[in-house]
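**Q** Next comes the structure file run_27.csv, holding CSV, C-alpha atoms.
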```csv
chain,number,residue,atom,x,y,z
A,236,MET,CA,83.5,80.7,118.3
A,237,LYS,CA,84.2,84.1,119.8
A,238,THR,CA,86.6,84.4,122.7
A,239,ILE,CA,86.0,87.0,125.4
A,240,SER,CA,87.2,87.5,129.0
A,241,SER,CA,85.3,85.8,131.8
A,242,GLN,CA,84.6,89.3,133.3
A,243,LEU,CA,82.9,90.6,130.1
A,244,ALA,CA,81.0,87.3,129.6
A,245,ALA,CA,79.6,87.6,133.2
A,246,HIS,CA,78.6,91.2,132.5
A,247,ILE,CA,76.8,90.3,129.3
A,248,ALA,CA,75.0,87.5,131.1
A,249,GLY,CA,73.8,89.9,133.7
A,250,GLU,CA,70.3,91.5,133.8
A,251,VAL,CA,71.6,95.0,133.2
A,252,THR,CA,74.5,95.8,130.8
A,253,THR,CA,76.5,98.9,130.0
A,254,LEU,CA,77.7,98.0,126.5
A,255,ALA,CA,78.8,100.3,123.7
A,256,ASN,CA,79.4,99.5,120.0
A,257,CYS,CA,82.7,100.7,118.6
A,258,TRP,CA,83.9,100.9,115.0
A,259,LYS,CA,87.6,101.1,114.0
A,260,LEU,CA,88.3,102.2,110.5
A,261,THR,CA,91.9,101.8,109.1
A,262,ARG,CA,92.7,103.2,105.7
A,263,HIS,CA,95.6,102.0,103.5
A,264,ASP,CA,97.6,105.1,104.4
A,265,THR,CA,97.4,103.8,108.0
A,266,THR,CA,95.1,106.7,109.1
A,267,VAL,CA,92.8,105.3,111.8
A,268,PHE,CA,89.3,106.6,112.7
A,269,GLY,CA,87.3,105.5,115.7
A,270,PHE,CA,83.5,105.8,116.3
A,271,THR,CA,81.1,104.8,119.0
A,272,ASP,CA,77.4,104.9,119.6
A,273,HIS,CA,78.1,105.9,123.3
A,274,ASP,CA,77.2,109.4,124.3
A,275,ARG,CA,80.9,110.1,125.3
A,276,ASP,CA,84.2,109.4,123.6
A,277,ILE,CA,85.8,106.1,124.5
A,278,THR,CA,89.6,105.5,124.5
A,279,PHE,CA,90.3,101.8,124.0
A,280,ASP,CA,93.7,100.2,123.0
A,281,SER,CA,95.2,103.7,122.4
A,282,VAL,CA,92.4,104.6,119.9
A,283,THR,CA,89.8,107.3,120.7
A,284,TYR,CA,86.4,106.4,119.5
A,285,LYS,CA,84.4,109.6,118.8
A,286,ALA,CA,80.8,109.9,120.0
A,287,ALA,CA,78.0,111.9,118.3
A,288,THR,CA,79.3,111.1,114.8
A,289,GLY,CA,76.2,109.7,113.3
A,290,PHE,CA,78.1,106.5,112.5
A,291,THR,CA,75.8,103.5,112.9
A,292,PRO,CA,75.6,99.9,111.6
A,293,SER,CA,72.7,97.8,110.3
A,294,ALA,CA,71.9,94.6,112.1
A,295,VAL,CA,74.9,92.3,112.2
A,296,GLN,CA,73.9,88.9,110.6
A,297,THR,CA,76.1,85.8,111.0
A,298,THR,CA,75.4,82.4,109.6
A,299,GLY,CA,77.1,79.0,109.8
A,300,SER,CA,77.2,78.7,106.0
A,301,LEU,CA,79.6,80.2,103.5
A,302,ALA,CA,77.2,82.9,102.4
A,303,VAL,CA,78.5,86.4,102.3
A,304,ASP,CA,77.8,88.2,105.6
A,305,ASN,CA,75.2,91.1,105.4
A,306,LEU,CA,76.2,94.4,107.0
A,307,ASP,CA,76.1,98.1,106.1
A,308,VAL,CA,77.4,101.0,107.9
A,309,ASP,CA,75.7,104.4,107.8
A,310,GLY,CA,77.3,107.7,108.5
A,311,ILE,CA,77.0,111.5,108.3
A,312,LEU,CA,79.6,113.3,106.2
A,313,SER,CA,81.5,115.6,108.5
A,314,SER,CA,84.4,118.0,107.9
A,315,GLY,CA,85.9,116.8,111.2
A,316,SER,CA,86.0,113.1,110.2
A,317,ILE,CA,84.8,111.6,106.9
A,318,ILE,CA,84.2,114.0,104.0
A,319,GLU,CA,82.8,113.1,100.5
A,320,ALA,CA,85.9,114.3,98.6
A,321,ASP,CA,88.1,111.9,100.5
A,322,ILE,CA,85.7,109.0,99.7
A,323,LEU,CA,85.6,110.0,96.0
A,324,ALA,CA,89.4,110.2,96.0
A,325,GLY,CA,89.6,106.5,96.9
A,326,LEU,CA,91.1,107.1,100.3
A,327,TYR,CA,88.6,104.7,101.9
A,328,ASP,CA,88.7,102.0,99.1
A,329,PHE,CA,89.0,98.6,100.8
A,330,ALA,CA,89.7,100.2,104.2
A,331,GLU,CA,89.6,97.7,107.0
A,332,ILE,CA,86.8,97.9,109.5
A,333,GLU,CA,86.5,96.3,112.9
A,334,ILE,CA,83.2,96.3,114.9
A,335,PHE,CA,83.2,95.3,118.5
A,336,GLN,CA,81.5,95.9,121.9
A,337,VAL,CA,83.0,97.0,125.2
A,338,ASN,CA,81.8,97.7,128.7
A,339,TYR,CA,82.2,101.4,128.9
A,340,THR,CA,82.2,101.4,132.7
A,341,ASP,CA,85.1,98.9,132.8
A,342,LEU,CA,87.2,98.9,129.6
A,343,THR,CA,89.7,96.5,131.3
A,344,GLN,CA,87.2,93.7,130.6
A,345,GLY,CA,88.3,93.7,127.0
A,346,SER,CA,86.1,93.5,123.9
A,347,LEU,CA,83.6,91.3,122.1
A,348,GLN,CA,84.5,91.2,118.4
A,349,LEU,CA,81.3,91.3,116.2
A,350,ARG,CA,82.7,91.7,112.7
A,351,ARG,CA,85.9,92.4,110.8
A,352,GLY,CA,86.0,93.1,107.1
A,353,TRP,CA,86.6,95.7,104.4
A,354,LEU,CA,84.6,98.5,102.9
A,355,GLY,CA,83.0,97.7,99.6
A,356,GLU,CA,80.5,99.8,97.6
A,357,VAL,CA,79.7,103.3,99.1
A,358,THR,CA,76.6,105.3,98.1
A,359,PHE,CA,75.7,108.9,99.0
A,360,TYR,CA,72.4,110.6,99.8
A,361,LYS,CA,72.5,114.3,100.6
A,362,GLN,CA,74.9,114.5,103.6
A,363,GLN,CA,74.8,110.8,104.4
A,364,PHE,CA,76.8,107.8,103.1
A,365,VAL,CA,76.1,104.0,103.3
A,366,ALA,CA,79.2,101.7,103.1
A,367,GLU,CA,78.9,98.0,102.5
A,368,VAL,CA,81.1,95.9,104.8
A,369,ARG,CA,82.5,92.8,103.1
A,370,GLY,CA,83.7,89.8,105.1
A,371,LEU,CA,86.2,87.1,104.3
A,372,THR,CA,83.6,85.0,102.5
A,373,GLN,CA,83.2,87.8,99.9
A,374,SER,CA,86.3,86.4,98.1
A,375,LEU,CA,84.5,83.0,97.6
A,376,SER,CA,81.9,84.7,95.4
A,377,GLN,CA,84.4,86.1,93.0
A,378,THR,CA,84.7,84.6,89.5
A,379,MET,CA,87.8,82.6,89.1
A,380,GLY,CA,89.6,81.9,85.8
A,381,GLN,CA,89.1,83.5,82.5
A,382,LEU,CA,86.2,83.5,79.9
A,383,TYR,CA,86.4,83.7,76.1
A,384,SER,CA,86.0,87.2,74.8
A,385,ALA,CA,86.5,89.0,71.5
A,386,SER,CA,88.3,91.8,73.3
A,387,CYS,CA,91.6,91.6,75.1
A,388,ARG,CA,91.4,90.6,78.8
A,389,ALA,CA,94.8,92.1,79.6
A,390,THR,CA,95.5,95.6,80.9
A,391,LEU,CA,97.8,97.7,78.8
A,392,GLY,CA,101.3,97.4,80.3
A,393,ASP,CA,100.6,94.4,82.7
A,394,SER,CA,102.4,91.1,82.8
A,395,GLN,CA,100.1,89.6,80.2
A,396,CYS,CA,100.2,92.5,77.7
A,397,LYS,CA,104.0,93.0,78.2
A,398,ILE,CA,104.1,96.5,76.6
A,399,ASN,CA,106.7,98.6,78.4
A,400,MET,CA,104.8,101.7,79.4
A,401,ALA,CA,108.0,103.6,80.3
A,402,THR,CA,109.3,103.7,76.7
A,403,GLY,CA,108.2,104.6,73.2
A,404,GLY,CA,106.2,107.6,74.3
A,405,ASN,CA,103.7,105.4,76.1
A,406,THR,CA,104.0,107.7,79.2
A,407,VAL,CA,104.3,111.5,79.0
A,408,THR,CA,104.2,114.4,81.4
A,409,GLY,CA,102.8,117.9,81.2
A,410,SER,CA,100.8,120.5,83.1
A,411,ILE,CA,97.4,122.0,82.8
A,412,THR,CA,97.2,125.2,80.8
A,413,SER,CA,93.4,125.8,81.0
A,414,VAL,CA,90.5,124.3,83.0
A,415,VAL,CA,87.0,123.9,81.5
A,416,SER,CA,85.5,122.0,84.4
A,417,ASN,CA,86.4,119.4,87.0
A,418,ILE,CA,86.2,116.8,84.3
A,419,GLN,CA,87.7,118.6,81.3
A,420,PHE,CA,90.9,120.5,80.8
A,421,ALA,CA,93.5,121.3,78.2
A,422,ASP,CA,97.3,121.4,77.7
A,423,SER,CA,98.4,123.6,74.8
A,424,THR,CA,101.8,121.9,74.6
A,425,ARG,CA,100.4,118.5,73.7
A,426,THR,CA,101.1,117.4,70.1
A,427,GLU,CA,100.0,113.8,70.1
A,428,ALA,CA,97.3,112.7,67.6
A,429,THR,CA,93.6,112.5,68.6
A,430,ASN,CA,92.7,109.3,70.6
A,431,SER,CA,96.4,108.7,71.6
A,432,PHE,CA,95.4,108.8,75.3
A,433,THR,CA,91.7,107.8,75.0
A,434,PHE,CA,91.0,105.0,77.6
A,435,GLY,CA,94.4,105.8,79.2
A,436,THR,CA,95.1,107.0,82.7
A,437,ILE,CA,96.2,110.4,84.1
A,438,SER,CA,98.0,110.7,87.4
A,439,PHE,CA,98.5,114.0,89.1
A,440,ASN,CA,101.9,115.0,90.5
A,441,SER,CA,101.0,118.3,92.1
A,442,GLY,CA,97.9,120.3,93.1
A,443,ALA,CA,95.0,119.3,95.3
A,444,ASN,CA,94.6,116.0,93.4
A,445,SER,CA,98.3,115.0,93.8
A,446,GLY,CA,98.7,111.2,94.0
A,447,LEU,CA,95.3,110.5,92.5
A,448,SER,CA,94.6,108.8,89.1
A,449,MET,CA,91.6,108.8,86.8
A,450,GLU,CA,90.7,107.1,83.5
A,451,ILE,CA,90.6,109.2,80.4
A,452,LYS,CA,87.3,109.1,78.5
A,453,GLU,CA,88.5,111.1,75.4
A,454,TYR,CA,91.6,112.8,74.2
A,455,THR,CA,91.5,115.1,71.1
A,456,HIS,CA,94.2,117.2,69.5
A,457,VAL,CA,93.3,120.5,67.8
A,458,SER,CA,95.9,122.2,65.6
A,459,GLY,CA,97.1,125.4,67.2
A,460,THR,CA,95.4,124.8,70.6
A,461,GLY,CA,97.0,121.5,71.8
A,462,GLY,CA,95.4,118.6,73.5
A,463,GLN,CA,92.0,118.5,75.3
A,464,LEU,CA,91.2,115.8,77.8
A,465,THR,CA,87.9,114.6,79.2
A,466,LEU,CA,88.0,112.3,82.2
A,467,ALA,CA,85.7,109.4,82.9
A,468,LEU,CA,84.6,110.9,86.3
A,469,PRO,CA,85.0,114.3,88.0
A,470,LEU,CA,88.0,114.6,90.2
A,471,PRO,CA,87.3,115.0,94.0
A,472,TYR,CA,89.3,118.2,94.2
A,473,PRO,CA,89.4,121.2,91.9
A,474,MET,CA,92.0,121.3,89.1
A,475,LEU,CA,94.1,124.4,88.6
A,476,THR,CA,96.3,125.8,85.9
A,477,GLY,CA,99.8,124.6,86.4
A,478,ASP,CA,98.9,121.3,88.0
A,479,ALA,CA,101.5,118.7,86.8
A,480,TYR,CA,100.4,115.3,85.5
A,481,SER,CA,101.6,112.2,83.7
A,482,LEU,CA,99.6,110.5,81.0
A,483,THR,CA,99.7,106.8,79.9
A,484,LYS,CA,98.4,105.7,76.5
A,485,GLY,CA,95.1,103.9,76.3
A,486,CYS,CA,93.8,100.8,74.4
A,487,ASP,CA,90.3,99.9,73.3
A,488,LYS,CA,91.3,96.2,73.6
A,489,THR,CA,90.6,95.3,70.0
A,490,ILE,CA,93.0,93.3,68.0
A,491,ALA,CA,93.1,96.0,65.3
A,492,THR,CA,94.4,98.6,67.8
A,493,CYS,CA,96.8,96.0,69.3
A,494,PHE,CA,98.3,95.6,65.8
A,495,SER,CA,98.3,99.1,64.5
A,496,SER,CA,99.2,101.0,67.7
A,497,PHE,CA,101.4,98.6,69.6
A,498,ASN,CA,102.4,95.8,67.2
A,499,ASN,CA,101.7,93.4,70.0
A,500,VAL,CA,99.2,90.9,68.5
A,501,ILE,CA,101.4,88.0,69.8
A,502,ASN,CA,100.4,88.9,73.3
A,503,PHE,CA,96.7,89.7,72.5
A,504,ARG,CA,94.5,88.0,75.2
A,505,GLY,CA,91.3,87.6,73.4
A,506,GLU,CA,89.6,85.3,70.9
A,507,PRO,CA,88.2,87.6,68.1
A,508,LEU,CA,87.8,84.7,65.7
A,509,VAL,CA,85.7,82.4,67.9
A,510,PRO,CA,82.1,82.3,66.5
A,511,GLY,CA,79.6,84.2,68.6
A,512,LEU,CA,76.1,83.0,69.7
A,513,ASP,CA,74.5,84.5,66.5
A,514,ARG,CA,76.8,82.5,64.3
A,515,MET,CA,76.2,79.3,66.2
A,516,LEU,CA,72.4,79.8,66.0
A,517,GLU,CA,72.7,80.5,62.3
A,518,THR,CA,74.7,77.3,61.8
A,519,ALA,CA,72.2,75.3,63.8
A,520,GLY,CA,69.3,76.7,61.7
A,521,THR,CA,71.1,75.7,58.5
A,522,MET,CA,71.7,72.1,59.8
A,523,SER,CA,68.0,71.7,60.8
A,524,THR,CA,66.9,72.1,57.2
A,525,PHE,CA,68.5,68.7,56.2
```
Could the structure of this file be written out as structure tokens, please?
**A**
Amino acid sequence: MKTISSQLAAHIAGEVTTLANCWKLTRHDTTVFGFTDHDRDITFDSVTYKAATGFTPSAVQTTGSLAVDNLDVDGILSSGSIIEADILAGLYDFAEIEIFQVNYTDLTQGSLQLRRGWLGEVTFYKQQFVAEVRGLTQSLSQTMGQLYSASCRATLGDSQCKINMATGGNTVTGSITSVVSNIQFADSTRTEATNSFTFGTISFNSGANSGLSMEIKEYTHVSGTGGQLTLALPLPYPMLTGDAYSLTKGCDKTIATCFSSFNNVINFRGEPLVPGLDRMLETAGTMSTF
């Protein structure tokens, strides 16, 4: 049940209302954005909610069951508020969003909370974006526990894998010496063998992408030219020669790599010897001949 002030409740019950929808977006870096569908800016609880931003929600649907609430938020990319590069950089990942209504003629009446949740999947179309809002019941739809798999379920360096990424050359630093594109670059000082950092992670320590990380799709070493890296996805901001970075080794999660590259089979979190479906069907077919 929603709790609102008696004054706002009386206003909503009236024949004519002066209500405005407001959206408060809080990123993990504590940056706060406010938007409203009113034709003028609204300042409420020390936050200014900007008008004329093209920021609108779909219909708000609430049910009495434990089904995941259905709500999307549409917006127009703007250099003054939300830009595509910041979204691609992950600055809005799991940002908290609050949607509520106020009486714009008397803000002292308080607010009517409509929805609170976190941003999920974001899609782009031309100069617009659509962000999925996930409520508290979203967690109930997540898969709990672990499933059998031939590959390792651990992440290299985590508490299950137990590899110390700070030692043994598992993490190295360097700087870009040449840029091919926003997804590919080279470092002529790299001497590690081909595939040493394939499936690993690169984190930038300087430049426009400082503080951002990206998975590495492929690392190759060419004698006399150093190492060449191809990223899994383009970076949101341009890379430049001299940008400093750190690399962590990667793992393809096979037991062969776990043994040959890390000597860590004792911590392998997979079941490569468990028969697969094809083997079970083959066995069932053999038994049916008796």
**Q** Counting all atoms listed in the file, which residues in range 402-465 of chain A sit no more than 10 Å from range 492-511 of chain A? For each one, give the nearest pair of atoms and the distance in Å, sorted by chain then residue number, as a Markdown table.
**A**
```
| residue | atom | partner | partner_atom | distance |
| --- | --- | --- | --- | --- |
| A:Gly403 | CA | A:Phe497 | CA | 9.8 |
| A:Asn405 | CA | A:Phe497 | CA | 9.7 |
| A:Ser431 | CA | A:Ser496 | CA | 9.1 |
```
**Q** Using only C-alpha atoms, what residues lie at most 8 Å away from (97.4, 126.1, 83.7) (file coordinates), given as a compact mmCIF listing (two decimals) with C-alpha atoms, keeping the file's coordinate frame?
**A**
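And here is the file that came out, out_10.txt:
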```txt
# COMPACT_ATOMS: atom_id res chain seq x y z
CA SER A 410 100.80 120.50 83.10
CA ILE A 411 97.40 122.00 82.80
CA THR A 412 97.20 125.20 80.80
CA SER A 413 93.40 125.80 81.00
CA VAL A 414 90.50 124.30 83.00
CA ASP A 422 97.30 121.40 77.70
CA LEU A 475 94.10 124.40 88.60
CA THR A 476 96.30 125.80 85.90
CA GLY A 477 99.80 124.60 86.40
CA ASP A 478 98.90 121.30 88.00
```
**Q** Could you tell me how far CA of Ile322 in chain A sits from CA of Gly355 in chain A, in Å to one decimal place?
**A**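 Computing it gives 11.6 Å between the two atoms.
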**Q** Have a look at CA of Tyr339 in chain A and CA of Phe268 in chain A and let me know their distance in Å, one decimal.
**A** 18.4 Å
**Q** Counting all atoms listed in the file, which of A:Gly352, A:Lys452, A:Gly409, A:Leu243 gets nearest to Leu468 in chain A?
**A**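 The answer is A:Lys452, which sits nearest to Leu468 in chain A.
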**Q** Do you have the CA of Thr253 in chain A-CA of Ala330 in chain A distance handy?
**A**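 Separation between CA of Thr253 in chain A and CA of Ala330 in chain A: 29.0 Å.
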**Q** Would you mind listing what lies within 9 Å of Gly345 in chain A as an MDAnalysis selection string, with only C-alpha atoms counted and same-chain residues fewer than 3 positions away left out?
**A** chainID A and resid 239:240 242:243 279 336:338 341:342
**Q** Need to verify the contact set: Lys488 in chain A, 9 Å, all atoms listed in the file, exclusion of same-chain residues closer than 6 positions in sequence. Can you return it as a list in words?
**A**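 The contact residues come out as Ala385, Ser386, Cys387, Arg388, Ala389, Thr390, Leu391, Phe503, Arg504 and Gly505 of chain A.
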**Q** Skip range 480-486 of chain A itself and residues of its chain fewer than 6 positions away, then list as a ChimeraX atom specification all residues within 6 Å of it, counting only C-alpha atoms.
**A** /A:405-410,432-440
**Q** Measuring atom to atom with only C-alpha atoms, identify which of A:Thr343, A:Val415, A:Ser394, A:Ser423 is nearest to Thr465 in chain A.
**A**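 Smallest distance to Thr465 in chain A is found for A:Val415.
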**Q** Name the closest residue to Tyr327 in chain A among the candidates A:Thr265, A:Thr424, A:Thr460, A:Thr238; distances are taken between atoms, counting all atoms listed in the file.
**A**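 Smallest distance to Tyr327 in chain A is found for A:Thr265.
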**Q** Which one of A:His246, A:Lys259, A:Arg425, A:His273 sits closest to Arg350 in chain A if you count all atoms listed in the file?
**A**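 Selected residue with least distance to Arg350 in chain A: A:Lys259.
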**Q** Starting from the point (89.0, 112.3, 95.0), work out which residues of protein, DNA or RNA have an atom no more than 10 Å away when counting only C-alpha atoms; state them as JSON, numbers by chain.
**A** {"A": [319, 320, 321, 322, 323, 324, 325, 326, 443, 444, 445, 446, 447, 448, 449, 468, 469, 470, 471, 472, 473]}
**Q** Go through A:Leu512, A:Ala401, A:Thr455, A:Gly249 and flag the residue nearest Ser384 in chain A, using all atoms listed in the file for the distances.
**A** A:Leu512
**Q** Please export range 480-505 of chain A as an mmCIF file, in the first residue's frame, restricted to N, CA and C atoms.
**A**
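Printed below is result.cif as written:
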```cif
data_model
loop_
_atom_site.group_PDB
_atom_site.id
_atom_site.type_symbol
_atom_site.label_atom_id
_atom_site.label_comp_id
_atom_site.auth_asym_id
_atom_site.auth_seq_id
_atom_site.Cartn_x
_atom_site.Cartn_y
_atom_site.Cartn_z
ATOM 1 N N TYR A 480 47.631 1.273 -19.650
ATOM 2 C CA TYR A 480 46.657 0.215 -19.378
ATOM 3 C C TYR A 480 47.293 -0.872 -18.507
ATOM 4 N N SER A 481 46.457 -1.760 -17.996
ATOM 5 C CA SER A 481 46.910 -2.983 -17.339
ATOM 6 C C SER A 481 46.149 -4.153 -17.944
ATOM 7 N N LEU A 482 46.847 -5.269 -18.139
ATOM 8 C CA LEU A 482 46.263 -6.468 -18.736
ATOM 9 C C LEU A 482 46.258 -7.602 -17.728
ATOM 10 N N THR A 483 45.186 -8.380 -17.717
ATOM 11 C CA THR A 483 45.160 -9.608 -16.941
ATOM 12 C C THR A 483 45.017 -10.783 -17.894
ATOM 13 N N LYS A 484 45.682 -11.882 -17.584
ATOM 14 C CA LYS A 484 45.621 -13.057 -18.436
ATOM 15 C C LYS A 484 44.202 -13.596 -18.508
ATOM 16 N N GLY A 485 43.942 -14.328 -19.592
ATOM 17 C CA GLY A 485 42.629 -14.904 -19.788
ATOM 18 C C GLY A 485 42.638 -16.409 -19.687
ATOM 19 N N CYS A 486 41.458 -16.991 -19.675
ATOM 20 C CA CYS A 486 41.309 -18.441 -19.579
ATOM 21 C C CYS A 486 40.104 -18.858 -20.405
ATOM 22 N N ASP A 487 40.266 -19.912 -21.204
ATOM 23 C CA ASP A 487 39.130 -20.390 -22.006
ATOM 24 C C ASP A 487 38.266 -21.390 -21.252
ATOM 25 N N LYS A 488 38.566 -21.588 -19.958
ATOM 26 C CA LYS A 488 37.767 -22.394 -19.039
ATOM 27 C C LYS A 488 37.759 -23.883 -19.370
ATOM 28 N N THR A 489 38.757 -24.364 -20.100
ATOM 29 C CA THR A 489 38.893 -25.794 -20.339
ATOM 30 C C THR A 489 39.873 -26.377 -19.335
ATOM 31 N N ILE A 490 39.740 -27.662 -19.054
ATOM 32 C CA ILE A 490 40.626 -28.286 -18.077
ATOM 33 C C ILE A 490 42.050 -28.380 -18.615
ATOM 34 N N ALA A 491 42.207 -28.434 -19.947
ATOM 35 C CA ALA A 491 43.541 -28.479 -20.536
ATOM 36 C C ALA A 491 44.303 -27.182 -20.269
ATOM 37 N N THR A 492 43.633 -26.045 -20.445
ATOM 38 C CA THR A 492 44.259 -24.748 -20.169
ATOM 39 C C THR A 492 44.519 -24.587 -18.671
ATOM 40 N N CYS A 493 43.597 -25.060 -17.857
ATOM 41 C CA CYS A 493 43.765 -24.964 -16.408
ATOM 42 C C CYS A 493 45.027 -25.696 -15.963
ATOM 43 N N PHE A 494 45.312 -26.816 -16.620
ATOM 44 C CA PHE A 494 46.500 -27.594 -16.266
ATOM 45 C C PHE A 494 47.773 -27.008 -16.862
ATOM 46 N N SER A 495 47.752 -26.715 -18.165
ATOM 47 C CA SER A 495 48.978 -26.302 -18.854
ATOM 48 C C SER A 495 49.389 -24.867 -18.545
ATOM 49 N N SER A 496 48.430 -23.974 -18.378
ATOM 50 C CA SER A 496 48.758 -22.564 -18.185
ATOM 51 C C SER A 496 48.823 -22.140 -16.723
ATOM 52 N N PHE A 497 48.033 -22.808 -15.859
ATOM 53 C CA PHE A 497 47.944 -22.341 -14.474
ATOM 54 C C PHE A 497 48.222 -23.429 -13.436
ATOM 55 N N ASN A 498 48.336 -24.682 -13.878
ATOM 56 C CA ASN A 498 48.588 -25.800 -12.945
ATOM 57 C C ASN A 498 47.613 -25.736 -11.774
ATOM 58 N N ASN A 499 46.331 -25.620 -12.108
ATOM 59 C CA ASN A 499 45.323 -25.337 -11.090
ATOM 60 C C ASN A 499 44.123 -26.280 -11.193
ATOM 61 N N VAL A 500 44.363 -27.510 -11.678
ATOM 62 C CA VAL A 500 43.268 -28.447 -11.893
ATOM 63 C C VAL A 500 42.534 -28.769 -10.595
ATOM 64 N N ILE A 501 43.249 -28.696 -9.452
ATOM 65 C CA ILE A 501 42.613 -29.014 -8.178
ATOM 66 C C ILE A 501 41.443 -28.070 -7.879
ATOM 67 N N ASN A 502 41.473 -26.873 -8.469
ATOM 68 C CA ASN A 502 40.400 -25.902 -8.260
ATOM 69 C C ASN A 502 39.491 -25.764 -9.478
ATOM 70 N N PHE A 503 39.605 -26.672 -10.439
ATOM 71 C CA PHE A 503 38.770 -26.612 -11.646
ATOM 72 C C PHE A 503 37.310 -26.833 -11.271
ATOM 73 N N ARG A 504 36.432 -25.907 -11.676
ATOM 74 C CA ARG A 504 35.020 -25.952 -11.304
ATOM 75 C C ARG A 504 34.155 -26.403 -12.467
ATOM 76 N N GLY A 505 34.483 -27.537 -13.031
ATOM 77 C CA GLY A 505 33.701 -28.103 -14.114
ATOM 78 C C GLY A 505 33.703 -29.618 -14.019
#
```
